[in-house]
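Q: The structure is given below, and queries will be raised subsequently.
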Amino acid sequence: MAPAALKDHKTALTAAALLVFMLVAVLLRAIPHAALVDGSFTTLIGTDAWYNLRQVEVIAANYPGYAWFDPMTAYPGGKEIAWGPLFPLITATLCLVAGAAARPEIVYVAAWVPPLLAAAVVPVVYLTGKTLADRTTGLVAAGLIAVVSASFFARSIFGFVDHHVAETLFSTLFCLAYIAALAYAARHPVTLADTKTILPVALLALAAGAAYVLGLLVMPTIILFALIAGIFTVIQAVRNHLDGTGPEGLLVVNAVTFALPAIFLPISGFMVDSMSLSLYSVAHVYAYLLLIAVTALLAGISLALKGKRREYLAALAALGVAGVAFLTLSDIGKTMANGLAAFFGRDMTATAIREMGAWDLSLAWQSFNVGLLLIPAGLAVLALRARRENRPEVLFTIVWSVVILIATIQHLRFEYYLAVNLALLAAVVVAWALDYGFEKTADYLREPESKKKKKALPTAEIAAVGIAVLLAVILVGASASENIGYAQNGVPRTMLADDWRDALEWMNVNTPDPGVDYYAIYEKDGFAYPENSYSVMSWWDYGHWITFIAQRIPVTNPFQDNVRSATGFFLATSEEKADAAGSRYIVTDGRMAAEGFPAIAYWHDATTGTTPYAMPLLVAVPGREDTYSIESFYREAYYETMTVRLQAFDGTLVEPENALYVEYDTRSVPETGYPLLTGSKEMSPAEAQAAADAYTGPGKAAVFGSDSASPAGTVPALRHYRLVYESSPDPATSVKIFERVEGAAIPGEGVIEATVVTNTGREFVYRQASEDGTFVVPYSTTGNPYDVKTVGGYRIGNKEITVTEEAVTGVA
């Protein structure tokens with residue numbers, strides 16, 4: 001076959017292979033389709049996806065306008081958006097192209113965007129592998145990225161409408177363009193005096209800069225790749241000087257690449273008045289200019305000290321000291337240092353938010369399995385190549401991979417970036433093994449039979465091929481199995497619960513308009529909420545659902561805006577202390593009130609956690625010697641919180657008949673740290689308290705509620721909150737919506753009560769004890785607009801009282 005025909009043949013096969021890999025990537029990620037699509041309703045995976053859909057809807061309604069400020073969340077200040085428009089703009093564009101105009105159509109089309117972007121990653125990874133090494137490396141890497149990484153897969157699956165896959169795509173595109181420019185500059189030396197040598201490198205660097213800007217338009221997190229480029233630049237500059245290679249090529253690449261975002265940000269209008277690398281701020285511009293300046297300084301030192309090794313190293317040491325001083329003493333340097341800490345350090349958020357937690361060995365193995373062996377092997381192969389040859393693209397890939405690996409160990413969210421490095425490094429090992437083993441084996445097979453007898457079979461080379469291929473096959477098989485398992489079993493656990501969907505759809509139809517146009521774009525400057533506006537109080541997990549499905553304004557959200565307002569409200573032990581932050585409606589569910597509400601308590605005070613509300617005790621498992629379970633016993637403060645009083649008690653007066661008297665041994669069972677339950681008994685609250693006061697045993701005694709819905713003491717009624725909707729009669733799973741009202745004042749003494757029937761048909765008695773000769777009741781007995789209604793009037797003894805809706809709401 002002629003060389004040209006052979007080349008065309010290889011090109012066609014390569015294109016076909018890439019199409020197959022892309023198809024596999026999409027089909028695997030489409031598995032949840034059947035579970036997520038219910039008629040015209042498509043549910044989404046996770047919480048942030050719902051907010052991204054809100055952004056898509058706003059862009060589609062104001063195409064291509066982007067709302068940098070959103071008053072439909074984070075009441076009462078609204079939300080300044082800290083990420084870029086590219087992902088929702090891509091999604092909105094596809095929706096418009098597909099003719100998706102109605103909300104169900106927009107959600108459905110948007111749900112396909114992550115798998116399609118994952119497919120787009122395949123050819124980018126192929127080209128990166130090919131540029132780094134050869135076609136075989138590129139093909140193996142492309143095949144691997146289609147299936148590897150539980151994290152990358154989970155964040156690019158059908159229904160996970162979020163920017164993570166776009167981050168991976170455009171950061172990899174940047175790395176591809178950047179190493180292409182580096183490789184060309186290394187093979188075609190640049191001389192600043194000769195513009196002909198500069199232009200091709202500058203054009204390639206311009207492409208790298210454009211790719212970086214695209215990544216920047218997704219998230220400011222792309223700054224991590226400027227850091228990678230900076231680390232690489234220092235190492236490469238030293239290598240160039242010691243090898244006698246001119247510094248001009250590296251200077252041109254960095255100057256052009258990072259000049260583009262440095263120019264783009266100030267003229268884009270995206271910049272905020274801040275100094276943070278996590279935002280679109282001037283700190284980014286300083287970082288890019290600093291990278292260019294350092295490259296120029298290193299180039300100048302190299303040119304000035306050409307051939308002088310000792311003097312050059314001394315100059316580098318001085319430069320290093322100056323760099324440390326800059327980071328610790330100057331304001332800009334401190335901003336850079338804080339940015340480093342954000343990527344590689346940990347704080348309270350790292351524990352409270354799962355994706356910001358540490359990457360432990362079990363999670364790593366679950367995601368990458370035997371790929372964990374191929375990562376260091378690939379780095380070793382590249383390190384040997386970098387030692388033999390001055391190939392900047394190889395060194396950059398090493399630095400890129402190591403930095404992303406460290407970032408992932410600190411925060412597992414970066415695992416979806418690491419998937420690309422895994423694919424490339426594994427491909428490097430496989431391609432090296434194939435080349436090494438096949439070359440030696442082919443040489444052996446070409447020998448005449450007489451010489452073969454005198455030579456040993458190249459078993460080591462054959463073993464290298466076998467091991468590398470076996471590891472790659474295991475990686476593919478294990479990854480595919482893990483991904484399919486997640487798509488079939490893990491995805492349903494992340495779906496929007498029917499109770500929440502029903503409750504928020506009800507809220508959308510049956511509550512007043514909050515006074516803000518859901519589809520309008522507002523500017524932060526000069527914006528003020530109208531007088532009739534109000535918010536919805538719930539836990540931050542549910543904020544985006546409230547915004548998107550109910551089209552109402554939550555106080556807090558999964559971005560953790562105003563989270564302390566929510567914890568303060570839900571843990572308040574009196575209505576006077578419960579600041580509803582302008583909320584007219586409160587939404588609770590069984591999960592918020594369960595197990596001492598650990599999430600709410602932790603966010604409120606990470607030191608005390610659930611200690612004020614529940615005590616964990618070791619309880620012996622019957623029939624199993626030396627086996628214990630850990631059970632929560634609820635303190636008085638637990639039942640007094642707004643969370644429990646709303647969700648478990650419906651806001652009514654609770655006077656328990658029984659409490660739980662408990663004895664426990666503070667000498668914990670070894671290795672547990674928990675006290676051991678030694679005895680418990682239900683008795684009247686007074687008897688239980690008397691027994692606890694009289695206890696003189698070797699351990700301790702205390703009084704707890706008999707269960708999570710049965711307090712040990714009297715819990716007063718809520719006077720300003722009425723139930724207006726519940727998704728089911730079961731308080732353990734039901735989503736409940738309460739309205740905050742002024743309440744109607746009724747003079748009297750004793751206990752007033754009214755029978756309430758909910759929208760599900762559940763019946764309970766609302767009871768309230770008078771305070772200072774007055775009742776303040778939240779339910780109207782006439783004119784109530786909701787399906788949760790009283791049966792008859794309020795009763796005090798034999799007297800029945802009628803209360804109007806106007807009296808309860810305070811609105812004539």
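To be explicit about the labels: the chains of the structure tokens are called A, B, and onward in the order shown, and within each one the residues are counted from 1, while ligands get numbers from 1 in the order they are shown.
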Skip A:Ile235 itself and residues of its chain fewer than 5 positions away, then list as a PyMOL selection string all residues within 10 Å of it, counting only C-alpha atoms.
A: chain A and resi 230+240+392+395-396+399
Q: Between atom CA of A:Leu298 and atom CA of A:Asp243, measure the distance and give it in Å to one decimal.
A: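 Going from atom CA of A:Leu298 over to atom CA of A:Asp243, I get 14.7 Å.
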Q: What's around A:Ala383 at 12 Å? Count only C-alpha atoms, leave out sequence neighbours fewer than 2 positions away in its own chain, and write the answer as JSON, numbers by chain.
A: {"A": [376, 377, 378, 379, 380, 381, 385, 386, 387, 388, 389, 390, 391, 392, 393, 394, 395, 396, 397, 398, 399, 401, 402, 425, 428, 429]}
Q: Just to confirm, what's the straight-line distance from atom CA of A:Arg54 to atom CA of A:Phe548 in Å (one decimal)?
A: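 For atom CA of A:Arg54 relative to atom CA of A:Phe548, the distance reads 6.0 Å.
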Q: With a distance cut-off of 8 Å and only C-alpha atoms, select the neighbouring residues of A:Leu169, excluding the residue or stretch itself and same-chain residues fewer than 5 positions from it, and output the selection as a JSON list (two decimals) with N, CA and C atoms, in the first residue's frame.
A:
[["chain", "number", "residue", "atom", "x", "y", "z"],
["A", 117, "LEU", "N", -21.26, 16.87, 25.86],
["A", 117, "LEU", "CA", -19.97, 17.49, 26.16],
["A", 117, "LEU", "C", -18.93, 16.43, 26.54],
["A", 118, "ALA", "N", -19.37, 15.38, 27.23],
["A", 118, "ALA", "CA", -18.45, 14.28, 27.55],
["A", 118, "ALA", "C", -17.94, 13.63, 26.27],
["A", 120, "ALA", "N", -17.57, 15.19, 23.48],
["A", 120, "ALA", "CA", -16.63, 16.15, 22.89],
["A", 120, "ALA", "C", -15.25, 16.06, 23.54],
["A", 121, "VAL", "N", -15.19, 15.61, 24.80],
["A", 121, "VAL", "CA", -13.91, 15.46, 25.48],
["A", 121, "VAL", "C", -13.06, 14.39, 24.79],
["A", 124, "VAL", "N", -10.71, 15.61, 22.00],
["A", 124, "VAL", "CA", -9.73, 16.53, 22.60],
["A", 124, "VAL", "C", -8.65, 15.74, 23.33]]
Q: Can you pull out every residue within 7 Å of A:Ala688, counting only C-alpha atoms, but drop anything in the same chain fewer than 4 positions away, and send it as a list in words?
A: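 Close residues of A:Ala688: Ala659, Leu660, Tyr661, Met683, Ser684, Ala692 and Val703 of chain A.
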Q: With C-alpha atoms retained, could you export that selection as a PDB file, in the first residue's frame?
A:
ATOM      1  CA  ALA A 659     -40.609  10.391  79.541  1.00  0.00           C
ATOM      2  CA  LEU A 660     -37.610   8.074  79.370  1.00  0.00           C
ATOM      3  CA  TYR A 661     -35.495   7.676  82.477  1.00  0.00           C
ATOM      4  CA  MET A 683     -42.411   6.819  83.486  1.00  0.00           C
ATOM      5  CA  SER A 684     -44.180  10.103  83.972  1.00  0.00           C
ATOM      6  CA  ALA A 692     -32.650  11.228  87.898  1.00  0.00           C
ATOM      7  CA  VAL A 703     -34.279  12.231  81.372  1.00  0.00           C
TER       8      VAL A 703
END
Q: Counting only C-alpha atoms, what are the residues of stretch 733-758 of chain A within 9 Å of stretch 490-513 of chain A, and for each of them which pair of atoms is the nearest and at what distance in Å, to one decimal? Sort the table by chain and rising number, as a Markdown table.
A:
| residue | atom | partner | partner_atom | distance |
| --- | --- | --- | --- | --- |
| A:Thr733 | CA | A:Asp499 | CA | 7.8 |
| A:Ser734 | CA | A:Asp499 | CA | 6.5 |
| A:Val735 | CA | A:Asp499 | CA | 6.0 |
| A:Lys736 | CA | A:Ala503 | CA | 7.5 |
| A:Ile737 | CA | A:Ala503 | CA | 7.6 |
Q: Please report, as a PyMOL selection string, each residue of stretch 396-552 of chain A to which DSSP assigns helix (DSSP H, G or I) when run on this structure's backbone.
A: chain A and resi 396-410+412-446+449-452+459-494+498-510+540-550
Q: Record the distance separating atom CA of A:Ile332 and atom CA of A:Ala255, expressed in Å with one decimal.
A: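 Between these atoms lies a distance of 20.0 Å.
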Q: Where in stretch 55-200 of chain A does DSSP assign strand (DSSP E), given as a ChimeraX atom specification?
A: /A:69-70,79-80
Q: Next, write the just-selected residues to a file, as a compact mmCIF listing (two decimals), in the first residue's frame, keeping C-alpha atoms as the atom set.
A:
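Contents of the output file result_25.txt:
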# COMPACT_ATOMS: atom_id res chain seq x y z
CA PHE A 69 -27.33 39.10 39.71
CA ASP A 70 -30.29 36.99 40.77
CA LYS A 79 -27.20 36.47 44.66
CA GLU A 80 -24.20 37.76 42.73
Q: List as a list of chain:residue names the protein and nucleic acid residues near stretch 739-748 of chain A, meaning an atom at most 8 Å away when only C-alpha atoms are counted, but skip any in the same chain fewer than 5 places from it.
A: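 Those residues are A:Ser583, A:Arg584, A:Tyr585, A:Ile586, A:Arg719, A:His720, A:Tyr721, A:Arg722, A:Leu723, A:Val724, A:Ser770, A:Gly773, A:Thr774, A:Phe775, A:Val776, A:Val777, A:Pro778, A:Tyr779, A:Val803, A:Ala807, A:Val808, A:Thr809, A:Gly810.
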Q: Counting only C-alpha atoms, which of A:Ile553, A:Ala364, A:Ala423, A:Ala111 gets nearest to A:Ala30?
A: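 Once distances to A:Ala30 are computed over only C-alpha atoms, the minimum belongs to A:Ala111.
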Q: Just checking: using only C-alpha atoms, which residue out of A:Gly215, A:Gly159, A:Pro558, A:Pro200 ends up closest to A:Gly249?
A: A:Pro200
Q: Nearest to A:Phe527 among A:Gly485, A:Pro71, A:Gly697, A:Gly46, with distances taken over only C-alpha atoms: which residue is it?
A: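 The answer is A:Pro71, which sits nearest to A:Phe527.
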Q: Using only C-alpha atoms, which residues sit within 12 Å of A:Val420 once same-chain residues fewer than 3 positions away are excluded, as a PyMOL selection string?
A: chain A and resi 118+121-126+128-129+138+140-149+151-153+165+167-173+175-176+368+371+375+397+400-401+404-405+414-417+423-427
Q: The selected residues should be written to file as a CSV table (one decimal), in the first residue's frame (atoms: N, CA and C atoms).
A:
chain,number,residue,atom,x,y,z
A,118,ALA,N,-19.4,15.4,27.2
A,118,ALA,CA,-18.4,14.3,27.6
A,118,ALA,C,-17.9,13.6,26.3
A,121,VAL,N,-15.2,15.6,24.8
A,121,VAL,CA,-13.9,15.5,25.5
A,121,VAL,C,-13.1,14.4,24.8
A,122,VAL,N,-13.7,13.4,24.2
A,122,VAL,CA,-13.0,12.2,23.6
A,122,VAL,C,-12.0,12.7,22.5
A,123,PRO,N,-12.4,13.4,21.5
A,123,PRO,CA,-11.4,13.8,20.5
A,123,PRO,C,-10.3,14.8,21.0
A,124,VAL,N,-10.7,15.6,22.0
A,124,VAL,CA,-9.7,16.5,22.6
A,124,VAL,C,-8.7,15.7,23.3
A,125,VAL,N,-9.1,14.7,24.1
A,125,VAL,CA,-8.1,13.9,24.7
A,125,VAL,C,-7.2,13.1,23.7
A,126,TYR,N,-7.9,12.6,22.7
A,126,TYR,CA,-7.1,12.0,21.6
A,126,TYR,C,-6.0,12.9,21.1
A,128,THR,N,-4.7,15.4,22.5
A,128,THR,CA,-3.7,15.7,23.5
A,128,THR,C,-2.7,14.6,23.6
A,129,GLY,N,-3.2,13.3,23.6
A,129,GLY,CA,-2.3,12.2,23.7
A,129,GLY,C,-1.4,12.1,22.5
A,138,GLY,N,-2.9,8.5,21.8
A,138,GLY,CA,-4.1,9.3,21.7
A,138,GLY,C,-5.3,8.4,21.7
A,140,VAL,N,-5.7,5.2,22.7
A,140,VAL,CA,-5.9,4.6,24.0
A,140,VAL,C,-6.5,5.5,25.0
A,141,ALA,N,-6.0,6.8,25.1
A,141,ALA,CA,-6.5,7.8,26.0
A,141,ALA,C,-7.9,8.1,25.7
A,142,ALA,N,-8.3,8.3,24.4
A,142,ALA,CA,-9.6,8.6,24.0
A,142,ALA,C,-10.6,7.5,24.4
A,143,GLY,N,-10.2,6.2,24.2
A,143,GLY,CA,-11.0,5.1,24.6
A,143,GLY,C,-11.2,5.0,26.1
A,144,LEU,N,-10.2,5.4,26.9
A,144,LEU,CA,-10.3,5.3,28.3
A,144,LEU,C,-11.2,6.4,28.9
A,145,ILE,N,-11.1,7.6,28.3
A,145,ILE,CA,-11.8,8.7,28.9
A,145,ILE,C,-13.3,8.5,28.7
A,146,ALA,N,-13.7,7.7,27.7
A,146,ALA,CA,-15.1,7.5,27.5
A,146,ALA,C,-15.8,6.7,28.6
A,147,VAL,N,-14.9,5.9,29.4
A,147,VAL,CA,-15.5,5.1,30.4
A,147,VAL,C,-15.0,5.3,31.8
A,148,VAL,N,-13.8,5.8,32.0
A,148,VAL,CA,-13.2,5.8,33.3
A,148,VAL,C,-13.7,6.9,34.2
A,149,SER,N,-13.4,6.8,35.5
A,149,SER,CA,-13.7,7.7,36.5
A,149,SER,C,-15.2,7.8,36.9
A,151,SER,N,-16.3,9.7,39.1
A,151,SER,CA,-16.7,11.1,39.3
A,151,SER,C,-16.9,11.9,38.0
A,152,PHE,N,-16.0,11.7,37.0
A,152,PHE,CA,-16.2,12.4,35.7
A,152,PHE,C,-17.5,11.8,35.1
A,153,PHE,N,-17.7,10.5,35.2
A,153,PHE,CA,-18.9,9.9,34.6
A,153,PHE,C,-20.2,10.5,35.3
A,165,VAL,N,-18.5,19.1,33.6
A,165,VAL,CA,-18.0,18.5,32.3
A,165,VAL,C,-17.5,19.6,31.4
A,167,GLU,N,-16.0,22.3,32.4
A,167,GLU,CA,-14.7,22.6,33.0
A,167,GLU,C,-13.6,21.7,32.5
A,168,THR,N,-14.0,20.4,32.5
A,168,THR,CA,-13.0,19.4,32.0
A,168,THR,C,-12.7,19.6,30.5
A,169,LEU,N,-13.8,19.8,29.7
A,169,LEU,CA,-13.6,19.9,28.3
A,169,LEU,C,-12.7,21.1,28.0
A,170,PHE,N,-13.0,22.3,28.5
A,170,PHE,CA,-12.2,23.5,28.1
A,170,PHE,C,-10.8,23.6,28.8
A,171,SER,N,-10.7,23.0,30.0
A,171,SER,CA,-9.3,23.0,30.6
A,171,SER,C,-8.4,22.0,29.8
A,172,THR,N,-9.0,20.9,29.3
A,172,THR,CA,-8.2,20.0,28.5
A,172,THR,C,-7.9,20.6,27.1
A,173,LEU,N,-8.9,21.3,26.6
A,173,LEU,CA,-8.6,22.0,25.3
A,173,LEU,C,-7.5,23.0,25.5
A,175,CYS,N,-5.0,22.8,27.7
A,175,CYS,CA,-3.7,22.1,27.8
A,175,CYS,C,-3.3,21.5,26.4
A,176,LEU,N,-4.2,21.1,25.6
A,176,LEU,CA,-3.9,20.6,24.3
A,176,LEU,C,-3.2,21.8,23.4
A,368,PHE,N,-11.1,4.8,40.3
A,368,PHE,CA,-10.0,4.5,39.3
A,368,PHE,C,-9.5,3.1,39.4
A,371,GLY,N,-6.3,1.8,37.8
A,371,GLY,CA,-5.8,3.0,37.2
A,371,GLY,C,-4.8,3.7,38.2
A,375,ILE,N,-1.2,5.5,37.1
A,375,ILE,CA,-0.9,6.9,37.2
A,375,ILE,C,0.6,7.1,37.5
A,397,THR,N,2.9,18.0,31.0
A,397,THR,CA,2.0,17.0,31.3
A,397,THR,C,2.3,16.4,32.7
A,400,TRP,N,1.2,19.1,35.2
A,400,TRP,CA,-0.3,19.1,35.1
A,400,TRP,C,-0.9,18.0,36.0
A,401,SER,N,-0.4,16.8,35.7
A,401,SER,CA,-0.9,15.6,36.4
A,401,SER,C,-0.6,15.6,37.9
A,404,ILE,N,-2.9,18.4,39.7
A,404,ILE,CA,-4.3,17.9,39.7
A,404,ILE,C,-4.4,16.8,40.7
A,405,LEU,N,-3.4,15.9,40.8
A,405,LEU,CA,-3.5,14.8,41.8
A,405,LEU,C,-3.5,15.3,43.2
A,414,PHE,N,-12.0,17.7,42.5
A,414,PHE,CA,-11.1,17.8,41.3
A,414,PHE,C,-10.9,16.4,40.7
A,415,GLU,N,-11.5,15.4,41.2
A,415,GLU,CA,-11.4,14.1,40.6
A,415,GLU,C,-11.8,14.1,39.1
A,416,TYR,N,-12.8,14.9,38.8
A,416,TYR,CA,-13.3,14.9,37.4
A,416,TYR,C,-12.3,15.5,36.5
A,417,TYR,N,-11.4,16.4,37.0
A,417,TYR,CA,-10.2,16.8,36.2
A,417,TYR,C,-9.2,15.7,36.0
A,423,ALA,N,-6.4,9.0,32.1
A,423,ALA,CA,-6.5,8.4,30.7
A,423,ALA,C,-5.2,8.6,30.0
A,424,LEU,N,-4.6,9.8,30.1
A,424,LEU,CA,-3.4,10.1,29.3
A,424,LEU,C,-2.2,9.3,29.9
A,425,LEU,N,-2.1,9.2,31.2
A,425,LEU,CA,-1.0,8.5,31.8
A,425,LEU,C,-1.1,7.0,31.6
A,426,ALA,N,-2.3,6.5,31.7
A,426,ALA,CA,-2.5,5.0,31.4
A,426,ALA,C,-2.2,4.7,29.9
A,427,ALA,N,-2.6,5.6,29.1
A,427,ALA,CA,-2.4,5.5,27.6
A,427,ALA,C,-0.9,5.5,27.3
